[in-house]
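Some notes on the structure that comes next.
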Amino acid sequence: MTTFTQKLDAAWKHANSLLMVGLDPDPVRFPAELHGRPDAIYEFCRGVIDATAPYVCGIKPQIAYFAAQGAEEQLEALCRYVGERYPQLPLVLDAKRGDIGSTAEQYAREAFERFGADAVTVSPYLGFDSIEPYLSWEEKGVIILCRTSNKGGSDLQALELESSEPLYLRVASLVADKWNRNGQCALVVGATFPQELAQVRQRVGDMPLLVPGIGAQGGDIDATVKAGCSSHGTGMMINSSRAIIYAGAGDDWREAAAKAALDTRDAINKARSAL
């Protein structure tokens, strides 16, 4: 059975891309042709997926945007669509779950059975008890929050421990040294903190990193690539959501999304070639 990391490695090579497209569907921002349609979320996201698939290494739907609209069934349909139409692309469910015991087991079933995700994002705040249930799915990816792209992340993640290391590096060490027993763990590290990204990369070796923060959040592509690439010149899922999916609001919204994805992929590859 193909594991998450095997699928991701193949996608990096097949698409020659470290770009991941995030799906954050907000009906208020949809093009006019979709207004009022009961399946608007599905059709919008499917259009984005079809337009960007040649240029990305994966698809990352953010579950809150679907749940807020009562559109979980549309998300299920989209996940099936990706699995059937683009089986080479890893599907990462961005859920940021964080609970223990039987509740965490249910969240794992939601991600891996209901939505068929290849990987899911989770919070480490409750410790290993909150991560272990996901590891029962030995071939699936568990992507753990480490140094998030938002400014407020520093409130806790940057706190210095008695060892003088910041908390986010302790999280990185725990995942790399103790929790990654299936070899399918990854970390979330924001592009908005390239120095911290470089520290995490040094600490965890070639472990995959999910890197949000370019595009609408202002992360610098050159700095991100320099700080975060693995020894193989890959190692990252550099996510862009709003800057791609809302690149155009007119009749050409699909073409605009495709161009934004192509341009972003090419900018990332240009930075990689300079390493």
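Residues in the structure tokens are numbered from 1 in each chain, the chains being A, B, ... in the order shown, and ligands are numbered from 1 in the order shown.
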task = Give me the residues within 6 Å of Cys185 (chain A) as a ChimeraX atom specification, counting only C-alpha atoms and dropping any in the same chain fewer than 6 places off.
result = /A:141-143
request  = Choose the residue, out of A:Thr264, A:Thr3, A:Gln202, A:Ser123, that has the smallest atom-to-atom separation from Ser231 (chain A); count only C-alpha atoms.
outcome  =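 Checking each of A:Thr264, A:Thr3, A:Gln202, A:Ser123 against Ser231 (chain A), counting only C-alpha atoms, the winner is A:Gln202.
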With the cut-off set at 12 Å and counting only C-alpha atoms, tabulate each residue of region 68-115 of chain A with an atom at most that distance from an atom of region 38-44 of chain A, showing the nearest atom pair and its distance in Å to one decimal, ordered by chain and increasing number, as CSV.
```
residue,atom,partner,partner_atom,distance
A:Ala68,CA,A:Ile41,CA,11.6
A:Gln69,CA,A:Ile41,CA,9.0
A:Gly70,CA,A:Ile41,CA,10.5
A:Ala71,CA,A:Ile41,CA,7.6
A:Glu72,CA,A:Tyr42,CA,10.0
A:Glu73,CA,A:Tyr42,CA,9.2
A:Gln74,CA,A:Tyr42,CA,5.4
A:Leu75,CA,A:Tyr42,CA,7.1
A:Glu76,CA,A:Tyr42,CA,9.5
A:Ala77,CA,A:Tyr42,CA,7.5
A:Leu78,CA,A:Tyr42,CA,6.5
A:Cys79,CA,A:Tyr42,CA,10.1
A:Arg80,CA,A:Tyr42,CA,11.4
A:Tyr81,CA,A:Tyr42,CA,10.0
A:Val82,CA,A:Tyr42,CA,11.7
```
inquiry  = Report as a PyMOL selection string all protein, DNA and RNA residues lying within 9 Å of region 221-224 of chain A, evaluated on only C-alpha atoms, omitting residues in the same chain fewer than 4 positions from it.
reply    = chain A and resi 190-195+197-198+211+214-215+228-229+238+264+267-268+270-272
Once you have the residues from the selection above, write them out as a CSV table (one decimal), in the first residue's frame, restricted to C-alpha atoms.
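File written: out-v7.csv
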```
chain,number,residue,atom,x,y,z
A,190,GLY,CA,4.9,29.1,8.4
A,191,ALA,CA,6.7,30.8,5.6
A,192,THR,CA,6.3,34.1,7.5
A,193,PHE,CA,9.1,33.0,9.9
A,194,PRO,CA,12.0,31.9,7.6
A,195,GLN,CA,14.6,31.8,10.3
A,197,LEU,CA,11.7,27.5,9.4
A,198,ALA,CA,15.5,27.0,8.9
A,211,VAL,CA,4.4,25.6,4.8
A,214,ILE,CA,2.9,32.7,1.0
A,215,GLY,CA,0.5,34.7,-1.1
A,228,GLY,CA,13.0,25.0,4.1
A,229,CYS,CA,14.2,22.7,1.3
A,238,ILE,CA,4.2,25.3,0.2
A,264,THR,CA,3.8,30.5,-8.1
A,267,ALA,CA,8.7,31.2,-8.8
A,268,ILE,CA,9.3,28.4,-6.3
A,270,LYS,CA,13.4,29.5,-9.8
A,271,ALA,CA,14.3,29.9,-6.1
A,272,ARG,CA,15.1,26.2,-6.0
```
Give me the residues near Ala258 (chain A) as a compact mmCIF listing (two decimals) with all heavy atoms, in the first residue's frame, where near means some atom within 10 Å (using only C-alpha atoms) and where sequence neighbours in that chain fewer than 6 positions away do not count.
```txt
# COMPACT_ATOMS: atom_id res chain seq x y z
N GLY A 47 -13.62 23.26 -10.01
CA GLY A 47 -13.01 24.09 -11.04
C GLY A 47 -11.59 24.49 -10.71
O GLY A 47 -10.70 24.47 -11.58
N VAL A 48 -11.36 24.83 -9.45
CA VAL A 48 -10.01 25.19 -9.01
C VAL A 48 -9.08 23.98 -9.10
O VAL A 48 -7.94 24.09 -9.58
CB VAL A 48 -10.03 25.75 -7.57
CG1 VAL A 48 -8.62 25.87 -7.01
CG2 VAL A 48 -10.74 27.09 -7.53
N ILE A 49 -9.56 22.83 -8.66
CA ILE A 49 -8.74 21.62 -8.70
C ILE A 49 -8.34 21.29 -10.14
O ILE A 49 -7.17 21.04 -10.44
CB ILE A 49 -9.48 20.44 -8.05
CG1 ILE A 49 -9.62 20.66 -6.54
CG2 ILE A 49 -8.77 19.12 -8.33
CD1 ILE A 49 -10.61 19.73 -5.88
N ASP A 50 -9.32 21.28 -11.05
CA ASP A 50 -9.03 20.96 -12.45
C ASP A 50 -8.04 21.95 -13.05
O ASP A 50 -7.16 21.58 -13.84
CB ASP A 50 -10.31 20.96 -13.27
CG ASP A 50 -11.21 19.78 -12.97
OD1 ASP A 50 -10.72 18.78 -12.42
OD2 ASP A 50 -12.42 19.86 -13.29
N ALA A 51 -8.18 23.23 -12.68
CA ALA A 51 -7.33 24.26 -13.26
C ALA A 51 -5.90 24.19 -12.75
O ALA A 51 -4.95 24.49 -13.49
CB ALA A 51 -7.92 25.64 -12.95
N THR A 52 -5.73 23.79 -11.50
CA THR A 52 -4.41 23.87 -10.87
C THR A 52 -3.69 22.54 -10.78
O THR A 52 -2.48 22.51 -10.50
CB THR A 52 -4.52 24.47 -9.46
OG1 THR A 52 -5.35 23.61 -8.64
CG2 THR A 52 -5.14 25.86 -9.49
N ALA A 53 -4.38 21.44 -11.00
CA ALA A 53 -3.80 20.11 -10.79
C ALA A 53 -2.46 19.89 -11.50
O ALA A 53 -1.57 19.24 -10.93
CB ALA A 53 -4.80 19.02 -11.20
N PRO A 54 -2.24 20.41 -12.72
CA PRO A 54 -0.95 20.15 -13.38
C PRO A 54 0.24 20.82 -12.70
O PRO A 54 1.39 20.47 -12.99
CB PRO A 54 -1.16 20.73 -14.78
CG PRO A 54 -2.63 20.80 -14.97
CD PRO A 54 -3.18 21.09 -13.63
N TYR A 55 -0.02 21.76 -11.79
CA TYR A 55 1.06 22.60 -11.26
C TYR A 55 1.31 22.42 -9.77
O TYR A 55 2.12 23.14 -9.19
CB TYR A 55 0.73 24.08 -11.53
CG TYR A 55 0.24 24.33 -12.92
CD1 TYR A 55 -1.04 24.82 -13.17
CD2 TYR A 55 1.06 24.05 -14.02
CE1 TYR A 55 -1.49 25.04 -14.46
CE2 TYR A 55 0.61 24.27 -15.32
CZ TYR A 55 -0.67 24.76 -15.53
OH TYR A 55 -1.11 24.97 -16.81
N ILE A 244 -4.53 32.06 -5.00
CA ILE A 244 -4.75 31.24 -6.20
C ILE A 244 -6.23 31.10 -6.50
O ILE A 244 -6.68 31.38 -7.61
CB ILE A 244 -4.09 29.86 -6.04
CG1 ILE A 244 -2.57 30.00 -6.06
CG2 ILE A 244 -4.55 28.91 -7.15
CD1 ILE A 244 -1.82 28.71 -5.85
N ILE A 245 -7.01 30.67 -5.52
CA ILE A 245 -8.40 30.33 -5.84
C ILE A 245 -9.25 31.57 -6.13
O ILE A 245 -10.27 31.46 -6.83
CB ILE A 245 -9.03 29.48 -4.72
CG1 ILE A 245 -9.24 30.27 -3.43
CG2 ILE A 245 -8.19 28.25 -4.44
CD1 ILE A 245 -9.95 29.48 -2.33
N ALA A 247 -7.87 34.33 -7.65
CA ALA A 247 -7.05 35.16 -8.54
C ALA A 247 -7.90 35.89 -9.56
O ALA A 247 -7.52 36.96 -10.05
CB ALA A 247 -6.02 34.29 -9.25
N GLY A 248 -9.05 35.35 -9.89
CA GLY A 248 -9.96 36.02 -10.82
C GLY A 248 -11.39 35.87 -10.35
O GLY A 248 -11.76 34.84 -9.77
N ASP A 252 -13.35 34.27 -16.32
CA ASP A 252 -12.08 33.59 -16.52
C ASP A 252 -11.46 33.12 -15.20
O ASP A 252 -10.25 32.94 -15.11
CB ASP A 252 -11.09 34.52 -17.23
CG ASP A 252 -10.73 35.74 -16.39
OD1 ASP A 252 -11.49 36.06 -15.44
OD2 ASP A 252 -9.69 36.36 -16.67
N THR A 264 3.21 30.74 -9.47
CA THR A 264 3.76 30.47 -8.14
C THR A 264 4.68 29.27 -8.18
O THR A 264 5.77 29.29 -7.58
CB THR A 264 2.61 30.23 -7.13
OG1 THR A 264 1.70 31.33 -7.17
CG2 THR A 264 3.17 30.09 -5.73
```
message = With DSSP run on the backbone, what are the strand (DSSP E) residues within region 34-251 of chain A? I'd like them as a PyMOL selection string.
response = chain A and resi 58-61+92-97+119-122+141-147+185-189+209-211+236-240
